[in-house]
$ cat my_file25.csv   # CSV, C-alpha atoms and all ligand atoms
chain,number,residue,atom,x,y,z
A,1,MET,CA,108.5,-28.0,52.4
A,2,ILE,CA,107.9,-31.6,51.3
A,3,PRO,CA,109.0,-34.1,54.0
A,4,LYS,CA,111.9,-36.2,52.7
A,5,ALA,CA,113.5,-39.5,53.5
A,6,GLU,CA,116.9,-40.8,52.5
A,7,LEU,CA,118.0,-44.5,52.3
A,8,HIS,CA,121.4,-44.2,50.7
A,9,VAL,CA,124.1,-41.8,52.0
A,10,HIS,CA,127.7,-42.7,53.1
A,11,LEU,CA,128.3,-41.1,56.4
A,12,GLU,CA,132.0,-40.5,55.7
A,13,GLY,CA,130.9,-39.0,52.4
A,14,THR,CA,128.7,-36.4,54.0
A,15,MET,CA,131.5,-34.2,55.3
A,16,PRO,CA,132.1,-31.2,53.2
A,17,PRO,CA,135.7,-29.7,53.0
A,18,SER,CA,134.8,-27.1,55.6
A,19,LEU,CA,134.1,-29.8,58.2
A,20,VAL,CA,137.0,-31.9,57.1
A,21,ARG,CA,139.3,-28.9,57.6
A,22,GLN,CA,137.8,-28.2,61.0
A,23,ILE,CA,138.1,-31.8,62.3
A,24,ALA,CA,141.7,-32.0,60.8
A,25,ALA,CA,142.7,-28.8,62.6
A,26,ARG,CA,141.6,-30.0,66.0
A,27,ASN,CA,143.3,-33.4,65.5
A,28,GLN,CA,146.5,-31.5,64.3
A,29,LEU,CA,146.4,-33.1,60.9
A,30,GLN,CA,147.1,-31.8,57.4
A,31,VAL,CA,144.7,-32.5,54.5
A,32,SER,CA,145.8,-31.9,51.0
A,33,GLU,CA,144.2,-28.8,49.5
A,34,ALA,CA,144.5,-30.5,46.1
A,35,ILE,CA,141.3,-32.5,46.9
A,36,MET,CA,139.3,-29.4,47.8
A,37,GLY,CA,137.1,-27.7,45.2
A,38,PRO,CA,135.0,-24.6,45.0
A,39,ASN,CA,131.7,-24.1,47.0
A,40,ASP,CA,132.6,-26.7,49.7
A,41,THR,CA,132.9,-29.6,47.2
A,42,PHE,CA,135.8,-32.0,46.5
A,43,LEU,CA,137.8,-32.5,43.3
A,44,TRP,CA,138.2,-35.9,41.7
A,45,GLN,CA,138.5,-37.3,38.2
A,46,ASP,CA,136.7,-40.6,38.0
A,47,PHE,CA,135.1,-43.3,40.2
A,48,LEU,CA,138.3,-44.9,41.4
A,49,HIS,CA,139.9,-41.5,42.0
A,50,PHE,CA,136.7,-40.4,43.8
A,51,LEU,CA,137.1,-43.4,46.2
A,52,LYS,CA,140.7,-42.4,46.9
A,53,VAL,CA,139.8,-38.8,47.7
A,54,TYR,CA,136.9,-40.1,49.9
A,55,ASP,CA,139.4,-42.3,51.7
A,56,GLU,CA,141.8,-39.4,52.2
A,57,ALA,CA,139.1,-37.0,53.6
A,58,SER,CA,137.9,-39.8,55.9
A,59,MET,CA,141.4,-40.0,57.5
A,60,VAL,CA,140.7,-36.9,59.6
A,61,LEU,CA,138.2,-38.9,61.7
A,62,ARG,CA,140.2,-39.9,64.8
A,63,ASN,CA,137.8,-40.3,67.8
A,64,ARG,CA,134.3,-40.7,69.0
A,65,GLN,CA,133.6,-37.0,69.0
A,66,ASP,CA,134.5,-36.7,65.3
A,67,TYR,CA,132.0,-39.4,64.5
A,68,ARG,CA,129.4,-37.6,66.7
A,69,ASP,CA,130.0,-34.3,65.0
A,70,MET,CA,130.0,-35.7,61.4
A,71,THR,CA,126.7,-37.5,62.1
A,72,TYR,CA,125.0,-34.6,63.9
A,73,ASP,CA,126.2,-32.1,61.2
A,74,TYR,CA,124.7,-34.1,58.4
A,75,LEU,CA,121.4,-34.8,60.1
A,76,ALA,CA,121.1,-31.1,61.0
A,77,ARG,CA,121.6,-30.1,57.4
A,78,SER,CA,119.2,-32.8,56.2
A,79,ALA,CA,116.5,-31.7,58.6
A,80,LYS,CA,116.8,-28.1,57.4
A,81,GLN,CA,116.0,-29.4,53.9
A,82,GLY,CA,112.9,-31.2,55.1
A,83,GLY,CA,114.6,-34.5,56.0
A,84,ILE,CA,112.6,-36.6,58.5
A,85,TYR,CA,114.5,-39.9,58.1
A,86,THR,CA,118.0,-40.8,57.1
A,87,GLU,CA,119.7,-44.2,56.8
A,88,MET,CA,123.5,-43.7,56.8
A,89,MET,CA,126.1,-46.2,55.7
A,90,ILE,CA,129.0,-46.3,58.2
A,91,SER,CA,132.3,-48.0,57.5
A,92,PRO,CA,134.1,-49.6,60.4
A,93,ASP,CA,137.1,-50.2,58.1
A,94,HIS,CA,137.6,-46.5,57.6
A,95,ALA,CA,137.5,-46.1,61.4
A,96,ALA,CA,139.9,-48.9,62.0
A,97,LEU,CA,142.4,-47.4,59.5
A,98,CYS,CA,142.4,-44.2,61.7
A,99,GLY,CA,142.8,-46.2,65.0
A,100,VAL,CA,139.2,-45.7,66.0
A,101,SER,CA,137.6,-48.8,67.6
A,102,TYR,CA,134.3,-50.3,66.4
A,103,GLU,CA,132.7,-49.4,69.7
A,104,ASP,CA,133.9,-45.7,69.6
A,105,HIS,CA,132.9,-45.0,66.0
A,106,LEU,CA,129.5,-46.5,66.6
A,107,ALA,CA,129.0,-44.7,70.0
A,108,GLY,CA,129.9,-41.4,68.3
A,109,ALA,CA,127.4,-41.9,65.4
A,110,ILE,CA,124.6,-42.9,67.9
A,111,GLU,CA,125.3,-39.8,70.0
A,112,GLY,CA,125.0,-37.7,66.8
A,113,ILE,CA,121.7,-39.3,65.9
A,114,GLU,CA,120.3,-38.8,69.4
A,115,ASP,CA,121.4,-35.1,69.5
A,116,ALA,CA,119.9,-34.4,66.1
A,117,LYS,CA,116.7,-36.1,67.0
A,118,LYS,CA,116.4,-34.0,70.2
A,119,GLU,CA,117.0,-30.8,68.3
A,120,PHE,CA,115.3,-31.3,64.9
A,121,GLY,CA,113.1,-34.4,65.3
A,122,ILE,CA,114.9,-36.2,62.4
A,123,GLU,CA,115.3,-39.9,62.8
A,124,GLY,CA,118.6,-41.5,61.8
A,125,ARG,CA,119.6,-45.1,61.5
A,126,LEU,CA,122.9,-46.9,60.5
A,127,ILE,CA,123.9,-49.5,57.9
A,128,ILE,CA,127.1,-51.2,58.8
A,129,THR,CA,129.0,-51.2,55.5
A,130,GLY,CA,132.0,-53.2,54.2
A,131,VAL,CA,134.4,-52.1,51.5
A,132,ARG,CA,134.5,-54.6,48.6
A,133,HIS,CA,138.0,-53.7,47.4
A,134,PHE,CA,139.3,-54.5,50.9
A,135,GLY,CA,138.4,-58.1,50.2
A,136,SER,CA,135.9,-60.7,51.4
A,137,ASP,CA,137.8,-61.6,54.6
A,138,LYS,CA,137.7,-58.0,55.8
A,139,VAL,CA,134.0,-57.7,54.9
A,140,LEU,CA,133.3,-60.9,56.9
A,141,GLU,CA,135.1,-59.3,59.8
A,142,VAL,CA,132.8,-56.3,59.5
A,143,ALA,CA,129.7,-58.6,59.5
A,144,LEU,CA,130.9,-60.4,62.6
A,145,LYS,CA,131.5,-57.1,64.4
A,146,ALA,CA,128.0,-56.0,63.4
A,147,ARG,CA,126.6,-59.2,64.9
A,148,ALA,CA,128.6,-58.7,68.1
A,149,HIS,CA,127.4,-55.1,68.7
A,150,PRO,CA,123.7,-54.9,68.2
A,151,HIS,CA,121.9,-51.6,68.7
A,152,PRO,CA,118.4,-50.4,67.9
A,153,TYR,CA,119.8,-47.8,65.6
A,154,VAL,CA,122.0,-50.4,63.7
A,155,VAL,CA,119.4,-51.7,61.3
A,156,GLY,CA,121.3,-52.9,58.2
A,157,PHE,CA,124.3,-54.3,56.5
A,158,GLY,CA,125.7,-53.1,53.1
A,159,LEU,CA,128.7,-53.1,50.8
A,160,GLY,CA,130.3,-50.2,48.9
A,161,GLY,CA,133.5,-49.7,47.0
A,162,ASP,CA,134.8,-51.0,43.6
A,163,GLU,CA,131.8,-52.9,42.2
A,164,ALA,CA,133.2,-53.9,38.9
A,165,GLY,CA,136.5,-55.3,40.4
A,166,PHE,CA,134.8,-57.2,43.3
A,167,PRO,CA,131.4,-58.8,42.4
A,168,GLY,CA,128.8,-59.1,45.1
A,169,LYS,CA,128.7,-62.9,45.2
A,170,LEU,CA,132.2,-63.0,46.7
A,171,PHE,CA,130.6,-61.6,49.9
A,172,ALA,CA,127.7,-64.1,50.3
A,173,LYS,CA,129.1,-65.5,53.6
A,174,ALA,CA,129.4,-62.0,55.2
A,175,TYR,CA,125.8,-61.3,54.1
A,176,ASP,CA,124.5,-64.5,55.6
A,177,VAL,CA,126.2,-63.7,59.0
A,178,ALA,CA,124.6,-60.2,59.0
A,179,HIS,CA,121.2,-61.4,57.8
A,180,GLU,CA,121.1,-64.2,60.4
A,181,ALA,CA,121.9,-61.6,63.0
A,182,GLY,CA,118.7,-59.8,62.1
A,183,LEU,CA,120.1,-57.0,59.9
A,184,ALA,CA,118.3,-56.1,56.8
A,185,CYS,CA,120.5,-56.0,53.7
A,186,THR,CA,121.3,-53.8,50.7
A,187,VAL,CA,124.2,-53.8,48.3
A,188,HIS,CA,125.6,-51.4,45.7
A,189,ALA,CA,124.9,-53.1,42.3
A,190,GLY,CA,124.0,-51.9,38.8
A,191,GLU,CA,126.0,-48.7,39.3
A,192,PHE,CA,129.4,-49.4,37.7
A,193,ASP,CA,128.7,-52.9,36.7
A,194,GLY,CA,125.8,-54.0,34.4
A,195,PRO,CA,122.5,-55.8,35.0
A,196,GLN,CA,124.3,-59.1,35.8
A,197,SER,CA,125.6,-57.6,39.1
A,198,VAL,CA,121.9,-57.0,40.1
A,199,TRP,CA,120.9,-60.5,39.1
A,200,ASP,CA,123.8,-61.8,41.2
A,201,ALA,CA,122.7,-59.7,44.2
A,202,LEU,CA,119.2,-61.1,43.9
A,203,ASN,CA,120.4,-64.7,43.4
A,204,TYR,CA,123.2,-64.8,46.0
A,205,LEU,CA,122.6,-62.2,48.6
A,206,PRO,CA,119.7,-61.8,51.1
A,207,VAL,CA,119.0,-58.2,50.0
A,208,ASP,CA,115.7,-56.3,50.1
A,209,ARG,CA,117.2,-53.2,48.4
A,210,ILE,CA,119.8,-52.4,45.8
A,211,GLY,CA,122.1,-49.4,46.0
A,212,HIS,CA,121.6,-47.6,42.7
A,213,GLY,CA,120.5,-50.5,40.5
A,214,VAL,CA,119.9,-48.0,37.7
A,215,ARG,CA,121.7,-50.2,35.1
A,216,SER,CA,118.9,-52.8,35.5
A,217,ILE,CA,117.2,-50.8,32.8
A,218,GLU,CA,119.5,-52.5,30.3
A,219,ASP,CA,117.7,-55.8,30.9
A,220,PRO,CA,113.9,-55.8,30.7
A,221,ALA,CA,113.6,-59.2,32.4
A,222,LEU,CA,115.5,-57.8,35.3
A,223,VAL,CA,113.3,-54.7,35.6
A,224,GLU,CA,110.2,-57.1,35.6
A,225,GLU,CA,111.8,-59.2,38.3
A,226,LEU,CA,112.6,-56.2,40.5
A,227,ALA,CA,109.1,-54.9,40.2
A,228,LYS,CA,107.6,-58.4,40.9
A,229,ARG,CA,109.8,-58.9,44.0
A,230,GLY,CA,109.3,-55.3,45.2
A,231,THR,CA,113.0,-54.8,45.6
A,232,THR,CA,113.6,-51.2,46.4
A,233,LEU,CA,116.1,-49.2,44.3
A,234,GLU,CA,118.1,-46.5,46.2
A,235,ILE,CA,118.5,-44.1,43.3
A,236,CYS,CA,120.9,-41.2,43.4
A,237,PRO,CA,120.5,-39.3,40.2
A,238,GLY,CA,123.0,-36.5,41.0
A,239,SER,CA,125.7,-39.1,41.9
A,240,ASN,CA,125.0,-41.0,38.6
A,241,ILE,CA,125.4,-37.8,36.5
A,242,ALA,CA,128.5,-36.6,38.4
A,243,LEU,CA,130.2,-40.0,38.0
A,244,GLY,CA,129.4,-40.0,34.3
A,245,LEU,CA,126.9,-43.0,34.2
A,246,TYR,CA,124.6,-40.8,32.1
A,247,PRO,CA,125.3,-37.6,30.2
A,248,ASN,CA,122.3,-35.7,31.6
A,249,PHE,CA,119.1,-36.2,33.6
A,250,ALA,CA,117.1,-36.7,30.4
A,251,ALA,CA,119.1,-39.9,29.8
A,252,HIS,CA,118.6,-41.1,33.4
A,253,PRO,CA,116.4,-44.2,33.8
A,254,PHE,CA,114.5,-43.0,37.0
A,255,LEU,CA,111.2,-42.4,35.2
A,256,LYS,CA,111.4,-45.7,33.2
A,257,LEU,CA,112.1,-47.7,36.3
A,258,ARG,CA,109.2,-46.0,38.0
A,259,ALA,CA,106.8,-46.6,35.1
A,260,ALA,CA,107.8,-50.3,35.1
A,261,GLY,CA,106.5,-50.6,38.7
A,262,CYS,CA,109.9,-50.6,40.5
A,263,ASN,CA,110.1,-49.1,44.0
A,264,VAL,CA,112.1,-46.0,43.3
A,265,THR,CA,113.5,-43.7,46.0
A,266,LEU,CA,115.8,-40.6,46.0
A,267,SER,CA,119.1,-40.2,47.8
A,268,SER,CA,122.3,-38.1,47.7
A,269,ASP,CA,125.0,-40.8,48.1
A,270,ASP,CA,128.1,-38.6,48.9
A,271,PRO,CA,126.6,-35.0,48.7
A,272,PRO,CA,129.7,-32.7,48.7
A,273,TYR,CA,131.5,-35.0,46.2
A,274,PHE,CA,128.7,-34.8,43.7
A,275,GLY,CA,127.6,-31.2,44.3
A,276,THR,CA,124.2,-32.3,45.6
A,277,THR,CA,122.0,-32.5,48.7
A,278,LEU,CA,118.9,-34.5,49.6
A,279,GLY,CA,116.9,-31.3,48.9
A,280,GLN,CA,118.6,-30.9,45.5
A,281,GLU,CA,117.7,-34.5,44.6
A,282,TYR,CA,114.0,-33.7,45.2
A,283,THR,CA,114.3,-30.5,43.2
A,284,THR,CA,116.0,-32.5,40.3
A,285,ALA,CA,113.1,-35.0,40.4
A,286,GLN,CA,110.7,-32.1,40.1
A,287,GLU,CA,112.5,-30.1,37.5
A,288,HIS,CA,114.0,-32.8,35.3
A,289,PHE,CA,111.7,-35.8,35.9
A,290,GLY,CA,108.5,-33.7,36.1
A,291,LEU,CA,107.4,-35.1,39.5
A,292,SER,CA,104.5,-33.3,41.2
A,293,ASP,CA,104.5,-32.5,44.9
A,294,ASP,CA,102.2,-35.5,45.4
A,295,ALA,CA,104.5,-37.8,43.4
A,296,LEU,CA,107.5,-36.5,45.6
A,297,ARG,CA,105.5,-37.3,48.7
A,298,GLU,CA,104.9,-40.8,47.3
A,299,VAL,CA,108.7,-41.2,46.8
A,300,THR,CA,109.1,-40.3,50.5
A,301,ARG,CA,106.5,-42.9,51.5
A,302,THR,CA,108.2,-45.5,49.3
A,303,SER,CA,111.5,-44.7,51.1
A,304,LEU,CA,109.9,-45.0,54.6
A,305,ARG,CA,107.9,-48.2,53.8
A,306,ASN,CA,111.1,-49.8,52.6
A,307,SER,CA,113.4,-48.3,55.2
A,308,PHE,CA,115.0,-50.7,57.7
A,309,ALA,CA,113.5,-48.8,60.6
A,310,ASP,CA,111.1,-50.6,63.1
A,311,GLU,CA,107.4,-50.7,62.2
A,312,LYS,CA,106.4,-48.2,64.9
A,313,THR,CA,108.8,-45.5,63.6
A,314,LYS,CA,107.8,-46.1,60.0
A,315,GLU,CA,104.1,-45.7,60.9
A,316,ARG,CA,104.7,-42.5,62.9
A,317,LEU,CA,106.8,-41.0,60.1
A,318,LEU,CA,104.4,-42.1,57.3
A,319,LYS,CA,101.6,-40.2,59.1
A,320,SER,CA,103.6,-36.9,58.8
A,321,VAL,CA,104.3,-37.2,55.0
A,322,GLY,CA,101.0,-35.7,54.0
A,323,LYS,CA,101.6,-32.6,56.2
A,324,GLU,CA,103.7,-29.6,55.3
A,325,PHE,CA,107.2,-29.8,56.8
A,326,ASN,CA,108.1,-26.9,59.0
A,327,LEU,CA,111.3,-27.3,61.1
A,328,GLU,CA,110.1,-24.8,63.7
A,329,LYS,CA,107.0,-27.0,64.4
A,330,GLN,CA,108.8,-30.3,64.5
B,1,LIG,N1,131.5,-45.5,48.5
B,1,LIG,C1,131.1,-44.2,48.7
B,1,LIG,N2,130.4,-43.8,47.7
B,1,LIG,C2,130.2,-44.9,46.9
B,1,LIG,C3,129.5,-45.2,45.7
B,1,LIG,N3,128.7,-44.2,45.1
B,1,LIG,N4,129.6,-46.4,45.1
B,1,LIG,C4,130.3,-47.3,45.7
B,1,LIG,N5,131.0,-47.1,46.8
B,1,LIG,C5,130.9,-46.0,47.4
B,2,ZN,ZN,126.7,-45.3,47.5
$ encode --input "my_file25.csv" --output "structure tokens" --more "lines below"
Ligand code: ADE
Ligand code: ZN
Amino acid sequence: MIPKAELHVHLEGTMPPSLVRQIAARNQLQVSEAIMGPNDTFLWQDFLHFLKVYDEASMVLRNRQDYRDMTYDYLARSAKQGGIYTEMMISPDHAALCGVSYEDHLAGAIEGIEDAKKEFGIEGRLIITGVRHFGSDKVLEVALKARAHPHPYVVGFGLGGDEAGFPGKLFAKAYDVAHEAGLACTVHAGEFDGPQSVWDALNYLPVDRIGHGVRSIEDPALVEELAKRGTTLEICPGSNIALGLYPNFAAHPFLKLRAAGCNVTLSSDDPPYFGTTLGQEYTTAQEHFGLSDDALREVTRTSLRNSFADEKTKERLLKSVGKEFNLEKQ
């Protein structure tokens, strides 16, 4: 198996319906079966409805153990597909809505990372993520919490949610707080909003990476700027197709962005919502974008080099990319 690394996955969005049902049952909660689809996927109609279904499923998370199990479960699945490194966005706002403290949700996720590392060798890191449609004050609170609770596994700060309704520049203050606290930054842009949202991210936010960024392709000057700066694009092809950004993989700009010299990487975003996995994204790149095994290994290297992990971890993982991945030998 080719070793894989992932930079863009929402922790709450990794839980398939089977795990949501299991956690709901032990917390004596009911989850609507209307959001559950076939083959352990979820049902939703469009982006804003997807965000609602995602919020509803996340409501089952009620304590530290739930966060530990969700994190461990995802990393275990990722490792079985060849995952050696995963950066997970975690939302303190979703935890707070369920009465879980910042400390508890973080401690649970860290425990899940440690347990998965012990068992499978996979490295996990966390990106504290605000929700843009909760407003700039809430996102600032999240940044302040991140600053107040440093941990070696908490490496970044990010922003998800309704991109078109809440432009990134509204959140400049929160980003400055997080960045000054030593967190590396990324932001969803150029997914549901056009190239201007990516320009705004570059001009107003201290970001090294862009979540998605695929719509940059609509502005050649922007593509050139991204390549020049070496800003990494966290590309999630399966998510983009599922959410209707492009009609099919042939219309997806992954190859054009790569040919223009942009740092392109592969991630799964919210796997059970978009019927994908990290392994599936690599298979898609091979089958639809024609990437060879060597090119896929180079994608993994690009992800690792531009990950927010410490240099020692990056170096160690980069050494293993040329080798065959075998879970038994990890
Ligand atoms: N939150 C969870 N998944 C998201 C996505 N793909 N875009 C923006 N916000 C999200
Ligand atoms: Zn995302």
$ residues_near_ligand --input "my_file25.csv" --ligand "ligand LIG 1 (chain B)" --cutoff "10 Å" --atoms "only C-alpha atoms and all ligand atoms" --output "PyMOL selection string"
chain A and resi 8-14+47-48+50-52+54-55+89-91+129-133+159-164+187-189+191-192+211-212+236+239-240+243+268-271+273-274
$ closest_residue --input "my_file25.csv" --among "A:Phe134, A:Tyr153, A:Phe42, A:Phe325" --to "Pro17 (chain A)" --atoms "all atoms listed in the file"
A:Phe42
$ atom_distance --input "my_file25.csv" --atom1 "CA of Phe120 (chain A)" --atom2 "CA of Pro272 (chain A)"
21.7 Å
$ closest_atom_pairs --input "my_file25.csv" --of "region 18-128 of chain A" --to "region 290-313 of chain A" --cutoff "12 Å" --atoms "all atoms listed in the file" --output "JSON lines"
{"residue": "A:Gly82", "atom": "CA", "partner": "A:Thr300", "partner_atom": "CA", "distance": 10.9}
{"residue": "A:Gly83", "atom": "CA", "partner": "A:Thr300", "partner_atom": "CA", "distance": 9.7}
{"residue": "A:Ile84", "atom": "CA", "partner": "A:Thr300", "partner_atom": "CA", "distance": 9.5}
{"residue": "A:Tyr85", "atom": "CA", "partner": "A:Leu304", "partner_atom": "CA", "distance": 7.7}
{"residue": "A:Thr86", "atom": "CA", "partner": "A:Ser307", "partner_atom": "CA", "distance": 9.0}
{"residue": "A:Glu87", "atom": "CA", "partner": "A:Ser307", "partner_atom": "CA", "distance": 7.7}
{"residue": "A:Met88", "atom": "CA", "partner": "A:Phe308", "partner_atom": "CA", "distance": 11.0}
{"residue": "A:Ile122", "atom": "CA", "partner": "A:Thr313", "partner_atom": "CA", "distance": 11.2}
{"residue": "A:Glu123", "atom": "CA", "partner": "A:Thr313", "partner_atom": "CA", "distance": 8.6}
{"residue": "A:Gly124", "atom": "CA", "partner": "A:Ala309", "partner_atom": "CA", "distance": 9.0}
{"residue": "A:Arg125", "atom": "CA", "partner": "A:Ala309", "partner_atom": "CA", "distance": 7.2}
{"residue": "A:Leu126", "atom": "CA", "partner": "A:Phe308", "partner_atom": "CA", "distance": 9.2}
{"residue": "A:Ile127", "atom": "CA", "partner": "A:Phe308", "partner_atom": "CA", "distance": 9.0}
$ closest_residue --input "my_file25.csv" --among "A:Ser197, A:Thr186, A:Asn203, A:Thr283" --to "ligand ZN 2 (chain B)" --atoms "all atoms listed in the file"
A:Thr186
$ residues_around --input "my_file25.csv" --residues "Ala95 (chain A)" --least-positions-apart "2" --cutoff "10 Å" --atoms "only C-alpha atoms" --output "list in words"
Glu12, Ser58, Met59, Val60, Leu61, Arg62, Asn63, Arg64, Tyr67, Ile90, Ser91, Pro92, Asp93, Leu97, Cys98, Gly99, Val100, Ser101, Tyr102, Asp104, His105 and Leu106 of chain A
$ closest_atom_pairs --input "my_file25.csv" --of "region 137-200 of chain A" --to "region 221-227 of chain A" --cutoff "9 Å" --atoms "only C-alpha atoms" --output "tab-separated table"
residue	atom	partner	partner_atom	distance
A:Pro195	CA	A:Leu222	CA	7.3
A:Gln196	CA	A:Leu222	CA	8.9
A:Val198	CA	A:Leu222	CA	8.0
A:Trp199	CA	A:Leu222	CA	7.1
$ axis_aligned_box --input "my_file25.csv" --around "region 294-309 of chain A" --padding-each-side "3 Å" --output "JSON"
{"center_x": 108.6, "center_y": -43.1, "center_z": 52.0, "size_x": 18.8, "size_y": 21.2, "size_z": 23.2}
$ atom_distance --input "my_file25.csv" --atom1 "atom ZN of ligand ZN 2 (chain B)" --atom2 "CA of Gly213 (chain A)"
10.7 Å
$ atom_distance --input "my_file25.csv" --atom1 "CA of Ile35 (chain A)" --atom2 "CA of Gly158 (chain A)"
26.6 Å
$ closest_residue --input "my_file25.csv" --among "A:Pro3, A:Tyr246, A:Ala76, A:Leu257" --to "Lys319 (chain A)" --atoms "only C-alpha atoms"
A:Pro3
$ residues_around --input "my_file25.csv" --residues "Leu19 (chain A)" --least-positions-apart "6" --cutoff "10 Å" --atoms "all atoms listed in the file" --output "VMD selection string"
chain A and resid 25 40 57 60 66 69 to 70 73
$ write_last_selection --input "my_file25.csv" --atoms "C-alpha atoms" --output "compact mmCIF listing (two decimals), keeping the file's coordinate frame"
# COMPACT_ATOMS: atom_id res chain seq x y z
CA ALA A 25 142.70 -28.80 62.60
CA ASP A 40 132.60 -26.70 49.70
CA ALA A 57 139.10 -37.00 53.60
CA VAL A 60 140.70 -36.90 59.60
CA ASP A 66 134.50 -36.70 65.30
CA ASP A 69 130.00 -34.30 65.00
CA MET A 70 130.00 -35.70 61.40
CA ASP A 73 126.20 -32.10 61.20
$ closest_residue --input "my_file25.csv" --among "A:Lys228, A:Ile235, A:Thr284, A:Gly121" --to "Ala250 (chain A)" --atoms "only C-alpha atoms"
A:Thr284
$ residues_around --input "my_file25.csv" --residues "region 145-152 of chain A" --least-positions-apart "2" --cutoff "7 Å" --atoms "all atoms listed in the file" --output "list in words"
Ile128, Glu141, Val142, Ala143, Val154, Val155, Ala178 and Ala181 of chain A
$ write_last_selection --input "my_file25.csv" --atoms "C-alpha atoms" --output "compact mmCIF listing (two decimals), in the frame of the given file"
# COMPACT_ATOMS: atom_id res chain seq x y z
CA ILE A 128 127.10 -51.20 58.80
CA GLU A 141 135.10 -59.30 59.80
CA VAL A 142 132.80 -56.30 59.50
CA ALA A 143 129.70 -58.60 59.50
CA VAL A 154 122.00 -50.40 63.70
CA VAL A 155 119.40 -51.70 61.30
CA ALA A 178 124.60 -60.20 59.00
CA ALA A 181 121.90 -61.60 63.00
$ residues_around --input "my_file25.csv" --residues "Phe254 (chain A)" --least-positions-apart "4" --cutoff "10 Å" --atoms "only C-alpha atoms" --output "list in words"
Val214, Ile217, Leu233, Ile235, Cys236, Pro237, Phe249, Ala250, Arg258, Ala259, Cys262, Val264, Thr265, Leu266, Ala285 and Phe289 of chain A
$ closest_residue --input "my_file25.csv" --among "A:Ala116, A:Met15, A:Leu43, A:Ile210" --to "ligand ZN 2 (chain B)" --atoms "all atoms listed in the file"
A:Ile210
$ decode --input "my_file25.csv" --residues "region 66-81 of chain A" --atoms "N, CA and C atoms" --output "PDB file, in the first residue's frame"
ATOM      1  N   ASP A  66     -16.459   9.902  24.444  1.00  0.00           N
ATOM      2  CA  ASP A  66     -17.003   9.961  23.077  1.00  0.00           C
ATOM      3  C   ASP A  66     -15.965  10.566  22.132  1.00  0.00           C
ATOM      4  N   TYR A  67     -15.292  11.616  22.580  1.00  0.00           N
ATOM      5  CA  TYR A  67     -14.262  12.248  21.742  1.00  0.00           C
ATOM      6  C   TYR A  67     -13.071  11.318  21.543  1.00  0.00           C
ATOM      7  N   ARG A  68     -12.726  10.574  22.592  1.00  0.00           N
ATOM      8  CA  ARG A  68     -11.630   9.612  22.473  1.00  0.00           C
ATOM      9  C   ARG A  68     -11.991   8.536  21.432  1.00  0.00           C
ATOM     10  N   ASP A  69     -13.191   7.999  21.546  1.00  0.00           N
ATOM     11  CA  ASP A  69     -13.586   6.893  20.670  1.00  0.00           C
ATOM     12  C   ASP A  69     -13.710   7.351  19.213  1.00  0.00           C
ATOM     13  N   MET A  70     -14.292   8.540  19.003  1.00  0.00           N
ATOM     14  CA  MET A  70     -14.430   9.061  17.632  1.00  0.00           C
ATOM     15  C   MET A  70     -13.042   9.219  16.985  1.00  0.00           C
ATOM     16  N   THR A  71     -12.106   9.758  17.753  1.00  0.00           N
ATOM     17  CA  THR A  71     -10.761  10.023  17.231  1.00  0.00           C
ATOM     18  C   THR A  71     -10.014   8.721  16.956  1.00  0.00           C
ATOM     19  N   TYR A  72     -10.054   7.818  17.929  1.00  0.00           N
ATOM     20  CA  TYR A  72      -9.379   6.531  17.783  1.00  0.00           C
ATOM     21  C   TYR A  72      -9.961   5.768  16.596  1.00  0.00           C
ATOM     22  N   ASP A  73     -11.281   5.751  16.515  1.00  0.00           N
ATOM     23  CA  ASP A  73     -11.979   5.019  15.459  1.00  0.00           C
ATOM     24  C   ASP A  73     -11.543   5.517  14.076  1.00  0.00           C
ATOM     25  N   TYR A  74     -11.453   6.837  13.916  1.00  0.00           N
ATOM     26  CA  TYR A  74     -11.073   7.367  12.604  1.00  0.00           C
ATOM     27  C   TYR A  74      -9.610   7.035  12.280  1.00  0.00           C
ATOM     28  N   LEU A  75      -8.744   7.235  13.258  1.00  0.00           N
ATOM     29  CA  LEU A  75      -7.321   6.976  12.996  1.00  0.00           C
ATOM     30  C   LEU A  75      -7.071   5.494  12.715  1.00  0.00           C
ATOM     31  N   ALA A  76      -7.811   4.629  13.404  1.00  0.00           N
ATOM     32  CA  ALA A  76      -7.669   3.187  13.157  1.00  0.00           C
ATOM     33  C   ALA A  76      -8.087   2.879  11.718  1.00  0.00           C
ATOM     34  N   ARG A  77      -9.210   3.439  11.278  1.00  0.00           N
ATOM     35  CA  ARG A  77      -9.666   3.184   9.899  1.00  0.00           C
ATOM     36  C   ARG A  77      -8.665   3.739   8.892  1.00  0.00           C
ATOM     37  N   SER A  78      -8.140   4.939   9.187  1.00  0.00           N
ATOM     38  CA  SER A  78      -7.196   5.567   8.273  1.00  0.00           C
ATOM     39  C   SER A  78      -5.922   4.722   8.168  1.00  0.00           C
ATOM     40  N   ALA A  79      -5.425   4.255   9.324  1.00  0.00           N
ATOM     41  CA  ALA A  79      -4.193   3.440   9.325  1.00  0.00           C
ATOM     42  C   ALA A  79      -4.383   2.179   8.487  1.00  0.00           C
ATOM     43  N   LYS A  80      -5.579   1.593   8.550  1.00  0.00           N
ATOM     44  CA  LYS A  80      -5.829   0.366   7.780  1.00  0.00           C
ATOM     45  C   LYS A  80      -5.833   0.630   6.274  1.00  0.00           C
ATOM     46  N   GLN A  81      -5.967   1.909   5.890  1.00  0.00           N
ATOM     47  CA  GLN A  81      -5.909   2.262   4.463  1.00  0.00           C
ATOM     48  C   GLN A  81      -4.524   2.783   4.062  1.00  0.00           C
TER      49      GLN A  81
END
